[in-house]
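These notes are about the structure you will find just below.
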Amino acid sequence: MAVKIKTQFGTIDITNEVIATVVGGAATNIYGIVGMASKNQIRDNLNDILKKENYSRGVVVKQEENGVAVDVFIIVSYGTKISEVCRNVQEKVKYNLETMLGVSANAVNVYVQGVRVMKD
């Protein structure tokens, strides 16, 4: 499924994969985020942090009437305030979707799948 934006020159289709990549890139740039987690850890058998090319595996995009709802699965760094990190993810994802793609985010749900202790 894709988001369709009608302009005076035609139609723009933005796929969910593109939206998921933009969301994953925005989320991983937040301080306190170690990486993205798989949304289906049991099925994917992944407990590791996803690499850059797999950002979209940690994001679920749902189409809604006037925008999208996004679920983001993250792994946070030990010692950070989880509620603050999640709020920053929500704000950054919403901002990036609106400025980069012109898509309104109706909801950005953040799921913390793990906490990692980072070595200095």
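Identifiers in this document derive from the order of the structure tokens: chains are assigned A, B, ..., residues are numbered from 1 separately in each chain, and ligands are numbered from 1 in order of occurrence.
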Residues flagged alpha helix (DSSP H) by DSSP in chain A, as a ChimeraX atom specification: /A:16-28,41-44,82-96
Spatial neighbours of Val72 (chain A), max dist 12 Å, only C-alpha atoms, sep filter under 6 positions, as a ChimeraX atom specification: /A:19-28,33,35-40,55-62,86-87,89-90,92-94,107-113
For CA of Asn16 (chain A) and CA of Ala105 (chain A), the interatomic separation in Å (one decimal): 12.8 Å
DSSP strand (DSSP E or B) selection over chain A, as a PyMOL selection string: chain A and resi 2-7+10-15+33-36+59-64+67-77+105-116
Distance of CA of Val70 (chain A) from CA of Phe9 (chain A), expressed in Å to one decimal place: 28.4 Å
Test item: residues at most 12 Å from Arg116 (chain A), only C-alpha atoms, excluding those fewer than 6 positions along its chain, as a PyMOL selection string: chain A and resi 32-37+47-49+74-80
Put those residues in a file: N, CA, C and O atoms, as a compact mmCIF listing (two decimals), in the first residue's frame.
# COMPACT_ATOMS: atom_id res chain seq x y z
N GLY A 32 20.49 8.47 22.69
CA GLY A 32 19.93 7.46 23.58
C GLY A 32 19.41 6.24 22.85
O GLY A 32 19.10 5.23 23.46
N ILE A 33 19.32 6.32 21.52
CA ILE A 33 18.88 5.18 20.72
C ILE A 33 20.10 4.39 20.28
O ILE A 33 21.01 4.93 19.64
N VAL A 34 20.13 3.12 20.62
CA VAL A 34 21.23 2.25 20.20
C VAL A 34 20.96 1.74 18.79
O VAL A 34 21.86 1.63 17.99
N GLY A 35 19.71 1.43 18.50
CA GLY A 35 19.35 0.95 17.18
C GLY A 35 17.89 0.56 17.11
O GLY A 35 17.14 0.73 18.07
N MET A 36 17.51 0.03 15.97
CA MET A 36 16.15 -0.42 15.76
C MET A 36 16.06 -1.90 16.14
O MET A 36 17.04 -2.63 16.03
N ALA A 37 14.89 -2.32 16.57
CA ALA A 37 14.64 -3.72 16.90
C ALA A 37 13.66 -4.28 15.88
O ALA A 37 12.88 -3.54 15.29
N ASN A 47 17.57 -10.98 17.90
CA ASN A 47 17.70 -10.25 19.15
C ASN A 47 18.78 -9.20 19.00
O ASN A 47 19.10 -8.49 19.94
N ASP A 48 19.36 -9.11 17.84
CA ASP A 48 20.43 -8.17 17.58
C ASP A 48 19.87 -6.84 17.11
O ASP A 48 18.73 -6.74 16.67
N ILE A 49 20.71 -5.84 17.17
CA ILE A 49 20.36 -4.52 16.66
C ILE A 49 20.40 -4.59 15.14
O ILE A 49 21.33 -5.13 14.55
N ILE A 74 12.35 0.16 19.11
CA ILE A 74 13.72 0.65 19.33
C ILE A 74 14.40 -0.08 20.47
O ILE A 74 13.76 -0.76 21.28
N ILE A 75 15.72 0.08 20.51
CA ILE A 75 16.55 -0.36 21.62
C ILE A 75 17.24 0.89 22.15
O ILE A 75 17.85 1.63 21.38
N VAL A 76 17.13 1.13 23.46
CA VAL A 76 17.69 2.33 24.05
C VAL A 76 18.96 2.01 24.83
O VAL A 76 19.21 0.88 25.22
N SER A 77 19.73 3.05 25.06
CA SER A 77 20.98 2.93 25.81
C SER A 77 20.69 2.98 27.30
O SER A 77 19.85 3.76 27.75
N TYR A 78 21.39 2.15 28.05
CA TYR A 78 21.24 2.13 29.50
C TYR A 78 21.68 3.47 30.08
O TYR A 78 22.68 4.04 29.66
N GLY A 79 20.92 3.99 31.03
CA GLY A 79 21.27 5.23 31.69
C GLY A 79 20.55 6.44 31.13
O GLY A 79 20.68 7.53 31.67
N THR A 80 19.81 6.28 30.06
CA THR A 80 19.05 7.40 29.50
C THR A 80 17.63 7.36 30.06
O THR A 80 17.13 6.31 30.48
Non-local contacts of Ser104 (chain A) (10 Å; only C-alpha atoms; under 3 positions in same chain excluded) as a ChimeraX atom specification: /A:64,66-69,94-99,101,107
Of the listed residues A:Ile82, A:Gly10, A:Gly102, A:Asn88, that which approaches Gly114 (chain A) most closely, counting only C-alpha atoms: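 That would be A:Ile82, the residue with the smallest distance to Gly114 (chain A).
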Length of the CA of Asp71 (chain A) to CA of Val115 (chain A) vector [Å]: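 The value is 18.0 Å.
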Nearest to Val3 (chain A), chosen from A:Val103, A:Ile30, A:Val85, A:Met118, with only C-alpha atoms counted in the distances: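 Closest to Val3 (chain A), using only C-alpha atoms: A:Val103.
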